[in-house]
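File shown here: start.cif, holding mmCIF, C-alpha atoms.
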data_my_file
#
loop_
_atom_site.label_atom_id
_atom_site.label_comp_id
_atom_site.auth_asym_id
_atom_site.auth_seq_id
_atom_site.Cartn_x
_atom_site.Cartn_y
_atom_site.Cartn_z
CA MET A 67 93.87 133.80 157.06
CA GLU A 68 90.50 133.57 155.32
CA SER A 69 88.48 133.95 158.54
CA TYR A 70 90.65 136.91 159.54
CA CYS A 71 89.90 138.60 156.21
CA ILE A 72 86.17 137.97 156.50
CA ARG A 73 86.10 139.32 160.06
CA ALA A 74 88.04 142.41 159.00
CA PHE A 75 85.68 142.94 156.06
CA ALA A 76 82.64 142.77 158.35
CA GLU A 77 84.19 145.24 160.77
CA THR A 78 84.94 147.57 157.89
CA LEU A 79 81.29 147.65 156.85
CA GLU A 80 80.40 148.93 160.32
CA VAL A 81 82.19 152.17 159.46
CA ILE A 82 79.41 153.14 157.02
CA PRO A 83 76.61 153.93 159.54
CA TYR A 84 79.17 155.39 161.96
CA THR A 85 80.43 157.81 159.30
CA LEU A 86 76.90 158.66 158.18
CA ALA A 87 75.89 159.59 161.72
CA GLU A 88 79.09 161.54 162.32
CA ASN A 89 78.73 163.52 159.08
CA ALA A 90 75.13 164.36 159.98
CA GLY A 91 76.25 165.84 163.30
CA LEU A 92 74.72 163.02 165.35
CA ASN A 93 76.34 161.01 168.13
CA PRO A 94 77.76 158.11 166.07
CA ILE A 95 78.26 155.73 168.98
CA GLU A 96 74.68 156.22 170.19
CA MET A 97 73.22 155.88 166.67
CA VAL A 98 75.18 152.74 165.77
CA THR A 99 74.35 151.13 169.11
CA GLU A 100 70.65 151.81 168.63
CA LEU A 101 70.84 150.58 165.03
CA ARG A 102 72.52 147.33 166.14
CA ASN A 103 69.86 146.79 168.81
CA LYS A 104 67.04 147.23 166.31
CA HIS A 105 68.70 144.90 163.81
CA ALA A 106 69.22 142.31 166.58
CA ARG A 107 65.48 142.50 167.35
CA GLY A 108 64.71 141.64 163.74
CA GLU A 109 64.02 145.13 162.40
CA ALA A 110 65.96 144.67 159.17
CA SER A 111 64.65 147.90 157.62
CA ALA A 112 65.94 150.09 160.46
CA GLY A 113 68.38 152.79 159.41
CA ILE A 114 69.74 156.14 160.48
CA ASN A 115 67.37 158.95 159.57
CA VAL A 116 69.62 162.02 159.46
CA ARG A 117 66.72 164.44 159.09
CA LYS A 118 65.03 163.27 162.27
CA GLY A 119 68.26 162.44 164.07
CA GLN A 120 67.13 158.97 165.07
CA VAL A 121 66.96 155.38 163.92
CA THR A 122 63.72 154.74 162.05
CA ASN A 123 62.19 152.24 159.63
CA MET A 124 63.55 153.28 156.25
CA MET A 125 60.78 151.53 154.31
CA GLU A 126 58.11 153.50 156.17
CA ALA A 127 60.08 156.70 155.54
CA ASN A 128 60.20 155.81 151.81
CA VAL A 129 64.00 155.81 151.80
CA VAL A 130 65.14 153.07 149.47
CA GLN A 131 68.31 152.50 147.51
CA PRO A 132 68.62 150.19 144.53
CA LEU A 133 70.59 147.04 145.30
CA LEU A 134 72.78 147.65 142.26
CA VAL A 135 74.07 150.91 143.77
CA THR A 136 75.11 149.22 147.02
CA THR A 137 76.65 146.15 145.42
CA SER A 138 78.53 148.27 142.87
CA ALA A 139 79.98 150.51 145.59
CA ILE A 140 81.09 147.56 147.71
CA THR A 141 82.53 145.72 144.70
CA LEU A 142 84.48 148.79 143.60
CA ALA A 143 85.84 149.33 147.12
CA CYS A 144 86.90 145.67 147.38
CA GLU A 145 88.65 145.80 144.01
CA CYS A 146 90.49 148.95 145.08
CA VAL A 147 91.69 147.30 148.30
CA ARG A 148 92.78 144.20 146.39
CA MET A 149 94.88 146.32 144.04
CA ILE A 150 96.51 148.10 146.98
CA LEU A 151 97.27 144.80 148.70
CA LYS A 152 98.69 143.30 145.50
CA ILE A 153 100.97 146.29 145.04
CA GLY A 154 102.37 145.76 148.53
CA ASP A 155 102.70 142.00 147.93
CA ILE A 156 100.52 141.38 150.97
CA VAL A 157 98.05 139.08 149.20
CA PRO A 158 99.42 136.65 146.61
CA THR A 159 97.73 136.74 143.23
CA ARG A 160 95.84 133.66 142.15
#

Exercise: express the given structure as structure tokens:
Amino acid sequence: MESYCIRAFAETLEVIPYTLAENAGLNPIEMVTELRNKHARGEASAGINVRKGQVTNMMEANVVQPLLVTTSAITLACECVRMILKIGDIVPTR
């Protein structure tokens, strides 16, 4: 069950760049595919640049986000999902 949950969590995180591209009016499948390719080649700072409509190096574009913002958002989302699952008795409480 634990590996299933981790796999599902990882797949859920892939929705973020897809939604960003879609909301910017870009082709989300094309953008996410290009982003994955750049990350696979070791370009960890690659991200979707909605102004240019392409995947670029976010550090070079001076687009940075504090780590606290990202970790807080993910933590809050995880806590929300846990509460929903507890309500439905899907995940036993510890």

Using the chain letters and residue numbers of this document, give as a PyMOL selection string the residues selected by the PyMOL selection byres ((chain A and resi 114-121) around 7).
chain A and resi 90+92+97+100-101+112-113+122

Pick out the residues sitting within 12 Å of range 130-147 of chain A, and hand them over as a PyMOL selection string; count all atoms listed in the file, and ignore anything fewer than 5 positions along from it in its own chain.
chain A and resi 71-72+75-76+78-79+82+111-113+115+123-125+152-154+156-157

Option closest in space to Val81 in chain A, from A:Asn93, A:Ser69, A:Val98, A:Val129 [counting only C-alpha atoms]:
A:Val98

What does the structure give for the distance between CA of Tyr70 in chain A and CA of Asn89 in chain A, in Å to one decimal?
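Between these atoms lies a distance of 29.2 Å.
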
Give the centre and edge lengths of an axis-aligned box, in Å to one decimal, that holds all listed atoms of range 95-113 of chain A with 8 Å on each side, as JSON.
{"center_x": 71.1, "center_y": 148.9, "center_z": 163.9, "size_x": 30.2, "size_y": 30.6, "size_z": 28.6}

Give me, please, the distance in Å between CA of Ile95 in chain A and CA of Ala127 in chain A, quoted to one decimal.
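Between these atoms lies a distance of 22.6 Å.
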
Straight-line distance linking CA of Arg102 in chain A with CA of Glu77 in chain A, stated in Å to one decimal:
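Between these atoms lies a distance of 13.0 Å.
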